[in-house]
Amino acid sequence: MTFWRRWFGKRDAASSSPPGARPAPTPLQPPPLPRPTVLDPEPRLVTTIVEGPGGTSGFFERAFDPATGTVELRYAHREDLPAWMDGVPVPLVPGKGIPTHTYVTLRAMKQLGIGIGQARAFRLRAIHEVASIVHLDWLTARHPGVPLGELARQTHSFAYAETPIIQSGHRIVSAHVDTSRATRRPIGDLMTHDERMAADPAALRTTHDAVLARHQRTRDDVMLIGYDLYLAVEPQP
């Protein structure tokens, strides 16, 4: 039985807040991005700020287009928030809890009125995660001619989305990388931006350098940045 099925079987109002979470006030929402063609003019939207121990916090935004059945994972800025949430009604891993992004995504889907296995697709918008971008670039060089969607299945972004997809009663049937709004520029530009915004720039730079070394890449290498990962899904049998 999935986490979704067990947790959603409990009495819990859709508007209730998980431990340490509250809806984001309107002034804190980022400027809206251009809408992808798969969405109708008025997608449903849930924005959440999670406040953790020691003043940690993170920001998440999820949307749903009922016309196409597409769930959008728009923003996920975990910042210094712990990667796992404990004290939840039904832990995914006993004694540890549930990944923070999975909890927030499942809760948002519940608020958006999406039932078990009812979505038809998940879209990760404008991916700017350095680890996935560098890995995809490395995979593309090693496997020329293989569709980007198939290669993206090996990246962290795919694994990030797969857990809430499975726990919400779905399974992935195909993956596609949409490059229509992506850009190609030196990966160092993105790394420098992230490092300047980080609470510990030196630590993040060390992490970035390790990612580059692992994939035999440099900061000057031009890579695909800001692509969408579109995952078609179907209900679990």
# chains A, B, ... in the order shown; residues from 1 in each chain; ligands from 1

call {"tool": "residues_around", "arguments": {"residues": "Leu106 in chain A", "least_positions_apart": "5", "cutoff": "9 Å", "atoms": "only C-alpha atoms", "output": "PDB file with C-alpha atoms, in the first residue's frame"}}
result
ATOM      1  CA  TRP A   4      -0.516   8.221  -0.440  1.00  0.00           C
ATOM      2  CA  HIS A 101       9.645  17.429  -1.032  1.00  0.00           C
ATOM      3  CA  GLN A 111      -5.331  20.280  -1.798  1.00  0.00           C
ATOM      4  CA  PRO A 164       5.821  11.266  -5.106  1.00  0.00           C
ATOM      5  CA  ILE A 165       4.611   9.856  -8.432  1.00  0.00           C
ATOM      6  CA  GLN A 167       3.349   7.273  -3.695  1.00  0.00           C
ATOM      7  CA  SER A 168       0.380   9.007  -5.345  1.00  0.00           C
TER       8      SER A 168
END

call {"tool": "residues_around", "arguments": {"residues": "Ala232 in chain A", "least_positions_apart": "2", "cutoff": "8 Å", "atoms": "only C-alpha atoms", "output": "list in words"}}
result
Arg120, Ala121, Phe122, Ile172, Val173, Ser174, Ala175, Tyr230 and Glu234 of chain A

call {"tool": "write_last_selection", "arguments": {"atoms": "N, CA, C and O atoms", "output": "compact mmCIF listing (two decimals), in the first residue's frame"}}
result
# COMPACT_ATOMS: atom_id res chain seq x y z
N ARG A 120 -2.36 12.40 -15.22
CA ARG A 120 -1.95 11.79 -16.48
C ARG A 120 -0.51 12.15 -16.84
O ARG A 120 0.09 11.52 -17.72
N ALA A 121 0.03 13.16 -16.18
CA ALA A 121 1.42 13.55 -16.45
C ALA A 121 1.94 14.41 -15.32
O ALA A 121 1.17 15.05 -14.59
N PHE A 122 3.25 14.41 -15.17
CA PHE A 122 3.95 15.30 -14.24
C PHE A 122 4.99 16.06 -15.04
O PHE A 122 5.68 15.48 -15.89
N ILE A 172 5.41 5.71 -14.07
CA ILE A 172 5.87 6.46 -15.24
C ILE A 172 5.91 5.54 -16.46
O ILE A 172 6.46 4.44 -16.41
N VAL A 173 5.34 6.01 -17.57
CA VAL A 173 5.33 5.21 -18.79
C VAL A 173 6.25 5.78 -19.87
O VAL A 173 6.67 5.06 -20.77
N SER A 174 6.56 7.08 -19.79
CA SER A 174 7.49 7.66 -20.75
C SER A 174 8.03 8.97 -20.20
O SER A 174 7.43 9.59 -19.32
N ALA A 175 9.20 9.37 -20.72
CA ALA A 175 9.84 10.62 -20.29
C ALA A 175 10.26 11.41 -21.52
O ALA A 175 10.75 10.84 -22.50
N TYR A 230 9.09 16.16 -18.82
CA TYR A 230 7.68 15.78 -18.89
C TYR A 230 7.57 14.27 -18.74
O TYR A 230 8.18 13.51 -19.51
N GLU A 234 0.52 6.60 -15.69
CA GLU A 234 -0.75 5.88 -15.69
C GLU A 234 -0.98 5.35 -14.28
O GLU A 234 -0.03 5.27 -13.47

call {"tool": "closest_residue", "arguments": {"among": "A:Met223, A:Val88, A:Thr218, A:Ala119", "to": "Ile166 in chain A", "atoms": "only C-alpha atoms"}}
result
A:Ala119

call {"tool": "select_by_dssp", "arguments": {"residues": "range 44-221 of chain A", "states": "strand (DSSP E)", "output": "PDB file with C-alpha atoms, in the first residue's frame"}}
result
ATOM      1  CA  ARG A  44      -4.862  25.471  -9.981  1.00  0.00           C
ATOM      2  CA  LEU A  45      -1.958  26.459  -7.762  1.00  0.00           C
ATOM      3  CA  VAL A  46      -0.699  25.661  -4.253  1.00  0.00           C
ATOM      4  CA  THR A  47       2.224  27.527  -2.719  1.00  0.00           C
ATOM      5  CA  THR A  48       3.776  26.422   0.579  1.00  0.00           C
ATOM      6  CA  ILE A  49       6.501  27.747   2.849  1.00  0.00           C
ATOM      7  CA  VAL A  50       7.890  25.139   5.231  1.00  0.00           C
ATOM      8  CA  GLU A  51       9.605  26.351   8.382  1.00  0.00           C
ATOM      9  CA  SER A  57      12.920  27.211   5.688  1.00  0.00           C
ATOM     10  CA  GLY A  58      11.996  26.238   2.161  1.00  0.00           C
ATOM     11  CA  PHE A  59       9.597  27.282  -0.586  1.00  0.00           C
ATOM     12  CA  PHE A  60       7.523  24.990  -2.825  1.00  0.00           C
ATOM     13  CA  GLU A  61       4.992  25.600  -5.586  1.00  0.00           C
ATOM     14  CA  ARG A  62       2.809  22.969  -7.269  1.00  0.00           C
ATOM     15  CA  ALA A  63       0.115  23.392  -9.935  1.00  0.00           C
ATOM     16  CA  PHE A  64      -2.484  21.231 -11.662  1.00  0.00           C
ATOM     17  CA  ASP A  65      -4.258  21.551 -14.995  1.00  0.00           C
ATOM     18  CA  THR A  70      -0.883  17.479 -15.649  1.00  0.00           C
ATOM     19  CA  VAL A  71       0.752  18.085 -12.272  1.00  0.00           C
ATOM     20  CA  GLU A  72       3.475  20.732 -12.368  1.00  0.00           C
ATOM     21  CA  LEU A  73       6.406  20.700  -9.964  1.00  0.00           C
ATOM     22  CA  ARG A  74       7.243  24.363 -10.442  1.00  0.00           C
ATOM     23  CA  TYR A  75       9.498  25.502  -7.625  1.00  0.00           C
ATOM     24  CA  ALA A  76      11.343  23.568  -4.954  1.00  0.00           C
ATOM     25  CA  HIS A  77      13.774  25.696  -2.984  1.00  0.00           C
ATOM     26  CA  TRP A  84      13.346  14.649   5.794  1.00  0.00           C
ATOM     27  CA  MET A  85      10.269  15.518   7.866  1.00  0.00           C
ATOM     28  CA  ILE A  98       9.254  11.178   4.683  1.00  0.00           C
ATOM     29  CA  PRO A  99      11.357  13.251   2.255  1.00  0.00           C
ATOM     30  CA  ALA A 121       1.418  13.547 -16.455  1.00  0.00           C
ATOM     31  CA  PHE A 122       3.946  15.298 -14.240  1.00  0.00           C
ATOM     32  CA  ARG A 123       6.093  18.169 -15.466  1.00  0.00           C
ATOM     33  CA  LEU A 124       9.241  19.455 -13.758  1.00  0.00           C
ATOM     34  CA  ARG A 125       9.542  23.012 -14.965  1.00  0.00           C
ATOM     35  CA  ALA A 126      12.699  24.904 -15.882  1.00  0.00           C
ATOM     36  CA  ILE A 127      15.225  22.562 -14.269  1.00  0.00           C
ATOM     37  CA  HIS A 170       1.014   6.314 -10.505  1.00  0.00           C
ATOM     38  CA  ARG A 171       3.783   4.790 -12.549  1.00  0.00           C
ATOM     39  CA  ILE A 172       5.874   6.459 -15.245  1.00  0.00           C
ATOM     40  CA  VAL A 173       5.333   5.206 -18.794  1.00  0.00           C
ATOM     41  CA  SER A 174       7.491   7.660 -20.754  1.00  0.00           C
ATOM     42  CA  ALA A 175       9.835  10.616 -20.293  1.00  0.00           C
ATOM     43  CA  HIS A 176      10.402  13.585 -22.581  1.00  0.00           C
ATOM     44  CA  VAL A 177      12.729  16.587 -22.284  1.00  0.00           C
ATOM     45  CA  ASP A 178      11.169  19.824 -23.546  1.00  0.00           C
ATOM     46  CA  THR A 183      19.051  27.995 -22.929  1.00  0.00           C
ATOM     47  CA  ARG A 184      22.593  26.843 -23.576  1.00  0.00           C
ATOM     48  CA  ARG A 185      25.260  28.673 -21.615  1.00  0.00           C
ATOM     49  CA  PRO A 186      28.319  27.929 -19.461  1.00  0.00           C
TER      50      PRO A 186
END

call {"tool": "atom_distance", "arguments": {"atom1": "CA of Ala210 in chain A", "atom2": "CA of Glu162 in chain A"}}
result
24.9 Å

call {"tool": "select_by_dssp", "arguments": {"residues": "range 29-181 of chain A", "states": "alpha helix (DSSP H)", "output": "PyMOL selection string"}}
result
chain A and resi 100-111+130-142+148-152+156-167

call {"tool": "atom_distance", "arguments": {"atom1": "CA of Gly188 in chain A", "atom2": "CA of Asp220 in chain A"}}
result
6.0 Å

call {"tool": "residues_around", "arguments": {"residues": "Ile225 in chain A", "least_positions_apart": "3", "cutoff": "10 Å", "atoms": "only C-alpha atoms", "output": "CSV table (one decimal) with N, CA, C and O atoms, in the first residue's frame"}}
result
chain,number,residue,atom,x,y,z
A,126,ALA,N,11.5,24.1,-15.9
A,126,ALA,CA,12.7,24.9,-15.9
A,126,ALA,C,13.8,24.4,-14.9
A,126,ALA,O,14.1,25.1,-14.0
A,127,ILE,N,14.3,23.2,-15.2
A,127,ILE,CA,15.2,22.6,-14.3
A,127,ILE,C,16.5,23.3,-14.2
A,127,ILE,O,17.2,23.6,-15.3
A,128,HIS,N,16.9,23.8,-13.0
A,128,HIS,CA,18.2,24.5,-12.8
A,128,HIS,C,19.0,23.8,-11.8
A,128,HIS,O,19.9,24.4,-11.2
A,129,GLU,N,18.8,22.5,-11.6
A,129,GLU,CA,19.5,21.8,-10.6
A,129,GLU,C,20.9,21.4,-11.2
A,129,GLU,O,20.9,20.6,-12.2
A,130,VAL,N,22.0,21.8,-10.6
A,130,VAL,CA,23.3,21.7,-11.2
A,130,VAL,C,23.6,20.2,-11.4
A,130,VAL,O,24.1,19.8,-12.5
A,132,SER,N,21.8,17.5,-11.9
A,132,SER,CA,21.0,16.9,-13.1
A,132,SER,C,21.5,17.5,-14.4
A,132,SER,O,21.6,16.7,-15.4
A,133,ILE,N,21.8,18.8,-14.5
A,133,ILE,CA,22.2,19.4,-15.7
A,133,ILE,C,23.5,18.8,-16.2
A,133,ILE,O,23.7,18.5,-17.3
A,134,VAL,N,24.5,18.8,-15.2
A,134,VAL,CA,25.8,18.3,-15.5
A,134,VAL,C,25.8,16.8,-15.9
A,134,VAL,O,26.4,16.3,-16.9
A,137,ASP,N,24.3,16.3,-19.4
A,137,ASP,CA,25.3,16.7,-20.4
A,137,ASP,C,26.3,15.6,-20.6
A,137,ASP,O,26.7,15.3,-21.7
A,179,THR,N,12.8,21.3,-24.6
A,179,THR,CA,13.9,22.3,-24.6
A,179,THR,C,13.4,23.6,-25.2
A,179,THR,O,14.3,24.5,-25.4
A,181,ARG,N,12.0,26.2,-24.0
A,181,ARG,CA,12.3,27.4,-23.2
A,181,ARG,C,13.7,27.3,-22.6
A,181,ARG,O,14.0,28.2,-21.8
A,182,ALA,N,14.5,26.3,-22.9
A,182,ALA,CA,15.8,26.2,-22.3
A,182,ALA,C,16.8,27.0,-23.0
A,182,ALA,O,16.6,27.5,-24.1
A,183,THR,N,17.9,27.3,-22.3
A,183,THR,CA,19.1,28.0,-22.9
A,183,THR,C,20.3,27.2,-22.8
A,183,THR,O,20.4,26.2,-22.0
A,184,ARG,N,21.3,27.5,-23.7
A,184,ARG,CA,22.6,26.8,-23.6
A,184,ARG,C,23.6,27.9,-23.2
A,184,ARG,O,23.8,28.9,-23.9
A,185,ARG,N,24.3,27.7,-22.1
A,185,ARG,CA,25.3,28.7,-21.6
A,185,ARG,C,26.2,28.0,-20.7
A,185,ARG,O,25.9,26.8,-20.2
A,186,PRO,N,27.4,28.6,-20.4
A,186,PRO,CA,28.3,27.9,-19.5
A,186,PRO,C,27.7,27.6,-18.1
A,186,PRO,O,27.0,28.4,-17.5
A,187,ILE,N,27.9,26.4,-17.7
A,187,ILE,CA,27.3,25.9,-16.4
A,187,ILE,C,27.9,26.7,-15.2
A,187,ILE,O,27.2,26.9,-14.2
A,190,LEU,N,25.5,29.5,-13.9
A,190,LEU,CA,24.4,29.0,-12.9
A,190,LEU,C,25.1,28.7,-11.6
A,190,LEU,O,24.5,29.0,-10.5
A,222,VAL,N,29.5,24.6,-22.0
A,222,VAL,CA,28.2,25.1,-22.3
A,222,VAL,C,27.2,23.9,-22.2
A,222,VAL,O,27.4,22.8,-22.8
A,228,ASP,N,12.4,21.5,-19.4
A,228,ASP,CA,11.4,20.8,-18.7
A,228,ASP,C,11.5,19.3,-18.8
A,228,ASP,O,11.9,18.8,-19.9

call {"tool": "decode", "arguments": {"residues": "range 64-87 of chain A", "atoms": "C-alpha atoms", "output": "PDB file, in the first residue's frame"}}
result
ATOM      1  CA  PHE A  64      -2.484  21.231 -11.662  1.00  0.00           C
ATOM      2  CA  ASP A  65      -4.258  21.551 -14.995  1.00  0.00           C
ATOM      3  CA  PRO A  66      -7.468  19.499 -14.755  1.00  0.00           C
ATOM      4  CA  ALA A  67      -8.018  19.755 -18.522  1.00  0.00           C
ATOM      5  CA  THR A  68      -4.881  17.728 -19.261  1.00  0.00           C
ATOM      6  CA  GLY A  69      -4.386  16.003 -15.908  1.00  0.00           C
ATOM      7  CA  THR A  70      -0.883  17.479 -15.649  1.00  0.00           C
ATOM      8  CA  VAL A  71       0.752  18.085 -12.272  1.00  0.00           C
ATOM      9  CA  GLU A  72       3.475  20.732 -12.368  1.00  0.00           C
ATOM     10  CA  LEU A  73       6.406  20.700  -9.964  1.00  0.00           C
ATOM     11  CA  ARG A  74       7.243  24.363 -10.442  1.00  0.00           C
ATOM     12  CA  TYR A  75       9.498  25.502  -7.625  1.00  0.00           C
ATOM     13  CA  ALA A  76      11.343  23.568  -4.954  1.00  0.00           C
ATOM     14  CA  HIS A  77      13.774  25.696  -2.984  1.00  0.00           C
ATOM     15  CA  ARG A  78      14.555  23.592   0.063  1.00  0.00           C
ATOM     16  CA  GLU A  79      17.322  26.005   1.070  1.00  0.00           C
ATOM     17  CA  ASP A  80      18.679  24.795   4.441  1.00  0.00           C
ATOM     18  CA  LEU A  81      15.524  22.880   5.355  1.00  0.00           C
ATOM     19  CA  PRO A  82      16.135  19.282   6.506  1.00  0.00           C
ATOM     20  CA  ALA A  83      15.722  16.769   3.691  1.00  0.00           C
ATOM     21  CA  TRP A  84      13.346  14.649   5.794  1.00  0.00           C
ATOM     22  CA  MET A  85      10.269  15.518   7.866  1.00  0.00           C
ATOM     23  CA  ASP A  86       9.532  13.511  10.987  1.00  0.00           C
ATOM     24  CA  GLY A  87       6.443  13.516  13.158  1.00  0.00           C
TER      25      GLY A  87
END
